[in-house]
file input.txt (compact mmCIF, C-alpha atoms)
# COMPACT_ATOMS: atom_id res chain seq x y z
CA MET A 1178 59.71 50.66 -7.10
CA GLU A 1179 59.41 47.47 -9.12
CA MET A 1180 59.99 45.43 -6.01
CA GLN A 1181 57.23 47.27 -4.12
CA ARG A 1182 54.80 46.67 -6.96
CA GLY A 1183 55.73 42.98 -6.92
CA ILE A 1184 55.12 42.77 -3.17
CA ALA A 1185 51.81 44.68 -3.44
CA TYR A 1186 50.68 42.40 -6.26
CA ALA A 1187 51.56 39.27 -4.24
CA GLN A 1188 49.63 40.61 -1.23
CA GLN A 1189 46.54 41.33 -3.36
CA ARG A 1190 46.62 37.79 -4.79
CA ARG A 1191 46.98 36.35 -1.27
CA LYS A 1192 43.92 38.31 -0.04
CA LYS A 1193 41.90 37.15 -3.05
CA ARG A 1194 42.79 33.48 -2.39
CA VAL A 1195 41.84 33.82 1.30
CA ARG A 1196 38.46 35.33 0.30
CA GLN A 1197 37.84 32.52 -2.18
CA ALA A 1198 38.72 29.88 0.43
CA SER A 1199 36.33 31.51 2.91
CA VAL A 1200 33.49 31.57 0.37
CA SER A 1201 34.19 27.94 -0.55
CA LEU A 1202 34.12 26.90 3.11
CA ALA A 1203 30.86 28.76 3.73
CA SER A 1204 29.28 27.09 0.67
CA LYS A 1205 30.27 23.62 1.87
CA GLN A 1206 28.92 24.31 5.35
CA MET A 1207 25.64 25.56 3.88
CA LEU A 1208 25.34 22.44 1.69
CA ALA A 1209 25.95 20.19 4.71
CA ALA A 1210 23.31 22.07 6.74
CA VAL A 1211 20.72 21.76 3.95
CA ALA A 1212 21.44 18.02 3.58
CA ALA A 1213 21.00 17.51 7.34
CA LEU A 1214 17.70 19.39 7.36
CA MET A 1215 16.40 17.33 4.41
CA ALA A 1216 17.31 14.10 6.20
CA LEU A 1217 15.52 15.23 9.36
CA ALA A 1218 12.44 16.22 7.37
CA PHE A 1219 12.04 12.76 5.84
CA LEU A 1220 13.17 10.62 8.78
CA PRO A 1221 9.83 10.67 10.70
CA THR A 1222 7.99 9.47 7.59
CA LEU A 1223 10.39 6.58 7.10
CA ALA A 1224 10.37 5.49 10.70
CA SER A 1225 6.64 5.68 11.49
CA ALA A 1226 4.74 2.51 12.39
CA THR A 1227 1.33 1.66 10.93
CA ASP A 1228 -1.84 0.97 12.88
CA HIS A 1229 -3.72 -1.69 10.86
CA VAL A 1230 -7.43 -1.88 11.67
CA VAL A 1231 -8.23 -5.52 10.92
CA GLY A 1232 -11.01 -5.62 8.31
CA ASP A 1233 -10.75 -1.86 7.79
CA SER A 1234 -14.18 -0.24 8.32
CA GLN A 1235 -15.93 -3.62 8.76
CA GLY A 1236 -13.68 -4.68 11.62
CA TRP A 1237 -13.36 -8.23 13.00
CA THR A 1238 -16.61 -9.85 11.90
CA LEU A 1239 -18.15 -12.74 9.99
CA GLY A 1240 -18.38 -12.68 6.19
CA PHE A 1241 -15.10 -10.82 5.54
CA ASP A 1242 -12.15 -12.13 3.48
CA TYR A 1243 -9.25 -11.69 5.91
CA ALA A 1244 -6.83 -13.59 3.67
CA ALA A 1245 -7.33 -11.04 0.87
CA TRP A 1246 -7.17 -8.18 3.38
CA ALA A 1247 -3.82 -9.41 4.77
CA GLU A 1248 -2.40 -9.89 1.26
CA SER A 1249 -3.13 -6.24 0.48
CA LYS A 1250 -1.08 -5.01 3.48
CA GLN A 1251 2.55 -4.99 4.48
CA PHE A 1252 3.20 -5.63 8.15
CA THR A 1253 6.50 -4.66 9.75
CA VAL A 1254 7.92 -4.87 13.25
CA GLY A 1255 6.57 -1.93 15.24
CA ASP A 1256 3.16 -1.96 13.52
CA THR A 1257 -0.06 -2.62 15.44
CA LEU A 1258 -3.07 -4.79 14.64
CA ALA A 1259 -6.30 -3.25 15.93
CA PHE A 1260 -9.17 -5.74 16.25
CA LYS A 1261 -12.53 -3.92 16.56
CA TYR A 1262 -15.62 -6.05 17.15
CA ALA A 1263 -18.69 -6.58 19.31
CA SER A 1264 -17.24 -8.19 22.45
CA SER A 1265 -20.52 -10.01 23.09
CA SER A 1266 -20.24 -11.80 19.73
CA HIS A 1267 -16.53 -12.40 19.06
CA ASN A 1268 -13.02 -12.65 20.50
CA VAL A 1269 -9.46 -12.79 19.20
CA ALA A 1270 -7.25 -15.78 19.97
CA GLU A 1271 -3.66 -16.34 18.91
CA VAL A 1272 -2.72 -19.85 17.86
CA SER A 1273 0.12 -21.66 16.08
CA GLY A 1274 0.15 -22.29 12.32
CA PRO A 1275 -1.14 -25.90 12.42
CA ASN A 1276 -3.85 -24.94 14.96
CA PHE A 1277 -4.84 -22.02 12.73
CA LYS A 1278 -5.37 -24.37 9.80
CA ALA A 1279 -7.38 -26.81 11.94
CA CYS A 1280 -9.25 -24.02 13.83
CA ASN A 1281 -8.17 -25.76 17.05
CA LYS A 1282 -9.68 -23.70 19.89
CA ALA A 1283 -8.03 -25.84 22.57
CA ALA A 1284 -4.51 -24.72 21.62
CA VAL A 1285 -4.92 -20.97 22.16
CA THR A 1286 -1.72 -19.23 23.32
CA SER A 1287 -3.37 -15.84 24.08
CA ILE A 1288 -6.93 -14.55 23.98
CA TRP A 1289 -8.47 -11.06 23.95
CA ASN A 1290 -12.12 -10.11 24.30
CA SER A 1291 -12.41 -6.35 24.90
CA GLY A 1292 -13.85 -5.52 21.47
CA ASP A 1293 -11.00 -3.06 20.89
CA ASP A 1294 -7.79 -5.07 21.09
CA ARG A 1295 -4.48 -3.62 19.95
CA LEU A 1296 -1.69 -6.10 19.38
CA SER A 1297 1.86 -4.97 18.81
CA LEU A 1298 3.80 -6.72 16.06
CA ASP A 1299 7.11 -6.80 17.89
CA MET A 1300 8.99 -9.59 16.09
CA PRO A 1301 9.40 -10.62 12.47
CA GLY A 1302 7.73 -13.86 11.44
CA ARG A 1303 4.18 -15.18 11.17
CA ARG A 1304 1.27 -14.84 13.57
CA TRP A 1305 -2.14 -16.52 13.42
CA PHE A 1306 -5.43 -15.29 14.92
CA ILE A 1307 -8.87 -16.89 15.09
CA CYS A 1308 -12.26 -16.24 16.65
CA THR A 1309 -13.10 -19.09 19.07
CA VAL A 1310 -16.82 -18.33 19.32
CA GLY A 1311 -18.99 -21.14 17.86
CA SER A 1312 -17.87 -22.13 14.37
CA HIS A 1313 -16.67 -18.62 13.44
CA CYS A 1314 -13.14 -19.83 12.65
CA GLN A 1315 -14.41 -22.66 10.42
CA ILE A 1316 -16.47 -20.19 8.38
CA GLY A 1317 -13.51 -17.87 7.80
CA MET A 1318 -13.07 -15.60 10.81
CA LYS A 1319 -9.32 -16.07 10.99
CA LEU A 1320 -6.28 -14.04 10.05
CA ASN A 1321 -2.62 -14.82 9.48
CA VAL A 1322 -0.01 -12.15 8.95
CA THR A 1323 3.65 -12.16 8.00
CA ILE A 1324 5.64 -9.51 9.83
CA LEU A 1325 8.72 -8.16 8.08
CA PRO A 1326 11.76 -6.79 9.93
CA ALA A 1327 11.57 -3.07 10.58
CA THR A 1328 13.03 -1.08 7.76
CA THR A 1329 15.62 1.22 9.16
CA PRO A 1330 16.51 4.06 6.88
CA THR A 1331 20.03 3.82 5.60
CA PRO A 1332 21.88 6.61 7.32
CA LEU A 1333 23.24 9.20 5.00
CA PRO A 1334 27.01 9.35 5.03
CA ALA A 1335 28.28 12.22 7.07
CA PRO A 1336 29.55 15.01 4.90
CA ALA A 1337 33.31 15.17 4.75
CA PRO A 1338 34.64 17.93 6.93
CA ALA A 1339 35.46 21.01 4.95
CA PRO A 1340 39.17 21.56 4.68
CA GLU A 1341 40.55 24.35 6.75
CA PRO A 1342 41.39 27.32 4.58
CA SER A 1343 45.11 27.27 4.29
CA GLN A 1344 47.10 30.41 4.40
CA PRO A 1345 48.73 30.81 1.02
CA GLN A 1346 52.44 30.81 1.33
CA LEU A 1347 54.15 33.85 -0.03
CA SER A 1348 57.09 33.04 -2.12
CA ARG A 1349 60.37 34.41 -0.99
CA ARG A 1350 61.13 35.04 -4.60
CA PHE A 1351 60.25 38.46 -5.84
CA PHE A 1352 58.32 38.78 -9.02
CA LEU A 1353 59.54 41.48 -11.24
CA SER A 1354 57.31 42.95 -13.77
CA ASN A 1355 57.83 45.38 -16.56
CA TRP A 1356 54.70 47.40 -15.90
call {"tool": "encode", "arguments": {"input": "input.txt", "output": "structure tokens"}}
result
Amino acid sequence: MEMQRGIAYAQQRRKKRVRQASVSLASKQMLAAVAALMALAFLPTLASATDHVVGDSQGWTLGFDYAAWAESKQFTVGDTLAFKYASSSHNVAEVSGPNFKACNKAAVTSIWNSGDDRLSLDMPGRRWFICTVGSHCQIGMKLNVTILPATTPTPLPAPAPAPEPSQPQLSRRFFLSNW
């Protein structure tokens, strides 16, 4: 009789440990699922590019402080510069740094004149833009931007795999009890 009670007691303890291991595994899996969902929820925000309208609501025009405007922004690879202006009055030309400083219209590397030009910032570094109409560049219609490398979100470490619930080993020794 004592031996049967000992065996029954050992079996009950084994079942309890298996239940606890199952609950622990389910909790870890739930935690991993919640962490993955949180990461997915915030990833689009971290990875989105910005569309910078040059000059904000005033656009690309005379009488605007583009140096101050550029200092108030952060440009990263993948962003876009949108130049909005009257195409009959202005244009956008890309030049090198020294030609930007000198407002050298003869050294233009690219020119746009649609009035709604969108330029992709596809590499880190500096880019310089001027208006080549009349003396617009000399009176301040020029913009230089510094493009930072794209910030890639640091991937979250993958959760460690939950350990497989081990089957408790029953002792071959019988426990004798006085109850």
call {"tool": "atom_distance", "arguments": {"input": "input.txt", "atom1": "CA of Ser1273 in chain A", "atom2": "CA of Thr1328 in chain A"}}
result
25.7 Å
call {"tool": "closest_residue", "arguments": {"input": "input.txt", "among": "A:Tyr1262, A:Thr1309, A:Leu1298, A:Val1230", "to": "Ala1283 in chain A", "atoms": "all atoms listed in the file"}}
result
A:Thr1309
call {"tool": "atom_distance", "arguments": {"input": "input.txt", "atom1": "CA of Gln1251 in chain A", "atom2": "CA of Met1318 in chain A"}}
result
19.9 Å
call {"tool": "closest_residue", "arguments": {"input": "input.txt", "among": "A:Val1254, A:Ile1288, A:Ala1263, A:Val1322", "to": "Gln1235 in chain A", "atoms": "only C-alpha atoms"}}
result
A:Ala1263
call {"tool": "residues_around", "arguments": {"input": "input.txt", "residues": "Asn1290 in chain A", "least_positions_apart": "5", "cutoff": "8 Å", "atoms": "all atoms listed in the file", "output": "PyMOL selection string"}}
result
chain A and resi 1264+1267-1269
call {"tool": "write_last_selection", "arguments": {"input": "input.txt", "atoms": "C-alpha atoms", "output": "PDB file, keeping the file's coordinate frame"}}
result
ATOM      1  CA  SER A1264     -17.240  -8.190  22.450  1.00  0.00           C
ATOM      2  CA  HIS A1267     -16.530 -12.400  19.060  1.00  0.00           C
ATOM      3  CA  ASN A1268     -13.020 -12.650  20.500  1.00  0.00           C
ATOM      4  CA  VAL A1269      -9.460 -12.790  19.200  1.00  0.00           C
TER       5      VAL A1269
END
call {"tool": "decode", "arguments": {"input": "input.txt", "residues": "range 1267-1297 of chain A", "atoms": "N, CA, C and O atoms", "output": "compact mmCIF listing (two decimals), in the first residue's frame"}}
result
# COMPACT_ATOMS: atom_id res chain seq x y z
N HIS A 1267 12.01 80.86 -62.83
CA HIS A 1267 13.14 80.24 -62.14
C HIS A 1267 13.48 78.89 -62.75
O HIS A 1267 12.74 78.37 -63.59
N ASN A 1268 14.59 78.31 -62.27
CA ASN A 1268 14.97 76.93 -62.57
C ASN A 1268 15.77 76.41 -61.39
O ASN A 1268 16.00 77.14 -60.42
N VAL A 1269 16.18 75.16 -61.47
CA VAL A 1269 17.02 74.56 -60.44
C VAL A 1269 18.20 73.93 -61.16
O VAL A 1269 18.01 73.14 -62.09
N ALA A 1270 19.40 74.32 -60.75
CA ALA A 1270 20.61 73.76 -61.35
C ALA A 1270 21.50 73.21 -60.25
O ALA A 1270 21.66 73.82 -59.20
N GLU A 1271 22.07 72.03 -60.51
CA GLU A 1271 23.00 71.45 -59.55
C GLU A 1271 24.42 71.80 -59.99
O GLU A 1271 24.76 71.71 -61.17
N VAL A 1272 25.21 72.21 -59.02
CA VAL A 1272 26.60 72.60 -59.27
C VAL A 1272 27.51 71.99 -58.20
O VAL A 1272 27.02 71.40 -57.23
N SER A 1273 28.81 72.18 -58.36
CA SER A 1273 29.76 71.72 -57.35
C SER A 1273 29.87 72.77 -56.25
O SER A 1273 29.37 73.90 -56.39
N GLY A 1274 30.55 72.44 -55.15
CA GLY A 1274 30.71 73.37 -54.03
C GLY A 1274 31.34 74.69 -54.41
O GLY A 1274 30.80 75.76 -54.12
N PRO A 1275 32.51 74.69 -55.10
CA PRO A 1275 33.14 75.96 -55.46
C PRO A 1275 32.27 76.78 -56.43
O PRO A 1275 32.21 78.02 -56.33
N ASN A 1276 31.57 76.10 -57.35
CA ASN A 1276 30.70 76.82 -58.29
C ASN A 1276 29.45 77.36 -57.59
O ASN A 1276 28.88 78.36 -58.03
N PHE A 1277 29.03 76.70 -56.53
CA PHE A 1277 27.92 77.19 -55.71
C PHE A 1277 28.32 78.52 -55.07
O PHE A 1277 27.60 79.50 -55.15
N LYS A 1278 29.50 78.54 -54.47
CA LYS A 1278 29.97 79.74 -53.78
C LYS A 1278 30.12 80.90 -54.76
O LYS A 1278 29.77 82.04 -54.45
N ALA A 1279 30.61 80.61 -55.97
CA ALA A 1279 30.84 81.65 -56.98
C ALA A 1279 29.60 81.93 -57.83
O ALA A 1279 29.64 82.83 -58.68
N CYS A 1280 28.51 81.16 -57.62
CA CYS A 1280 27.32 81.27 -58.48
C CYS A 1280 27.69 81.14 -59.95
O CYS A 1280 27.24 81.90 -60.82
N ASN A 1281 28.54 80.17 -60.26
CA ASN A 1281 29.02 79.94 -61.62
C ASN A 1281 27.98 79.16 -62.42
O ASN A 1281 27.85 77.95 -62.28
N LYS A 1282 27.26 79.85 -63.29
CA LYS A 1282 26.20 79.23 -64.10
C LYS A 1282 26.75 78.34 -65.20
O LYS A 1282 26.06 77.45 -65.69
N ALA A 1283 28.00 78.57 -65.59
CA ALA A 1283 28.58 77.81 -66.70
C ALA A 1283 28.95 76.39 -66.29
O ALA A 1283 29.18 75.54 -67.16
N ALA A 1284 29.03 76.10 -65.02
CA ALA A 1284 29.49 74.79 -64.55
C ALA A 1284 28.35 73.92 -64.03
O ALA A 1284 28.55 73.08 -63.16
N VAL A 1285 27.17 74.07 -64.57
CA VAL A 1285 26.00 73.30 -64.14
C VAL A 1285 26.19 71.83 -64.53
O VAL A 1285 26.57 71.52 -65.65
N THR A 1286 25.91 70.92 -63.57
CA THR A 1286 26.00 69.48 -63.87
C THR A 1286 24.64 68.91 -64.27
O THR A 1286 24.58 67.95 -65.02
N SER A 1287 23.56 69.48 -63.74
CA SER A 1287 22.18 69.07 -64.10
C SER A 1287 21.30 70.29 -63.94
O SER A 1287 21.55 71.16 -63.10
N ILE A 1288 20.23 70.35 -64.74
CA ILE A 1288 19.30 71.47 -64.63
C ILE A 1288 17.87 70.97 -64.80
O ILE A 1288 17.60 70.05 -65.59
N TRP A 1289 16.96 71.55 -64.03
CA TRP A 1289 15.54 71.23 -64.08
C TRP A 1289 14.76 72.52 -64.24
O TRP A 1289 15.14 73.56 -63.71
N ASN A 1290 13.63 72.45 -64.93
CA ASN A 1290 12.85 73.68 -65.14
C ASN A 1290 11.35 73.42 -65.27
O ASN A 1290 10.64 74.20 -65.91
N SER A 1291 10.85 72.38 -64.63
CA SER A 1291 9.41 72.05 -64.75
C SER A 1291 8.53 72.89 -63.82
O SER A 1291 7.34 72.99 -64.03
N GLY A 1292 9.12 73.44 -62.77
CA GLY A 1292 8.33 74.15 -61.76
C GLY A 1292 7.87 73.25 -60.63
O GLY A 1292 7.38 73.71 -59.60
N ASP A 1293 8.04 71.94 -60.82
CA ASP A 1293 7.70 70.96 -59.78
C ASP A 1293 8.71 69.81 -59.88
O ASP A 1293 8.38 68.72 -60.34
N ASP A 1294 9.94 70.09 -59.47
CA ASP A 1294 11.03 69.13 -59.63
C ASP A 1294 11.27 68.37 -58.32
O ASP A 1294 11.42 68.98 -57.28
N ARG A 1295 11.33 67.06 -58.45
CA ARG A 1295 11.56 66.21 -57.27
C ARG A 1295 12.89 65.51 -57.47
O ARG A 1295 13.05 64.72 -58.40
N LEU A 1296 13.81 65.77 -56.55
CA LEU A 1296 15.16 65.21 -56.66
C LEU A 1296 15.39 64.25 -55.51
O LEU A 1296 15.24 64.60 -54.34
N SER A 1297 15.78 63.05 -55.86
CA SER A 1297 16.03 62.02 -54.85
C SER A 1297 17.43 62.20 -54.27
O SER A 1297 18.40 62.39 -55.00
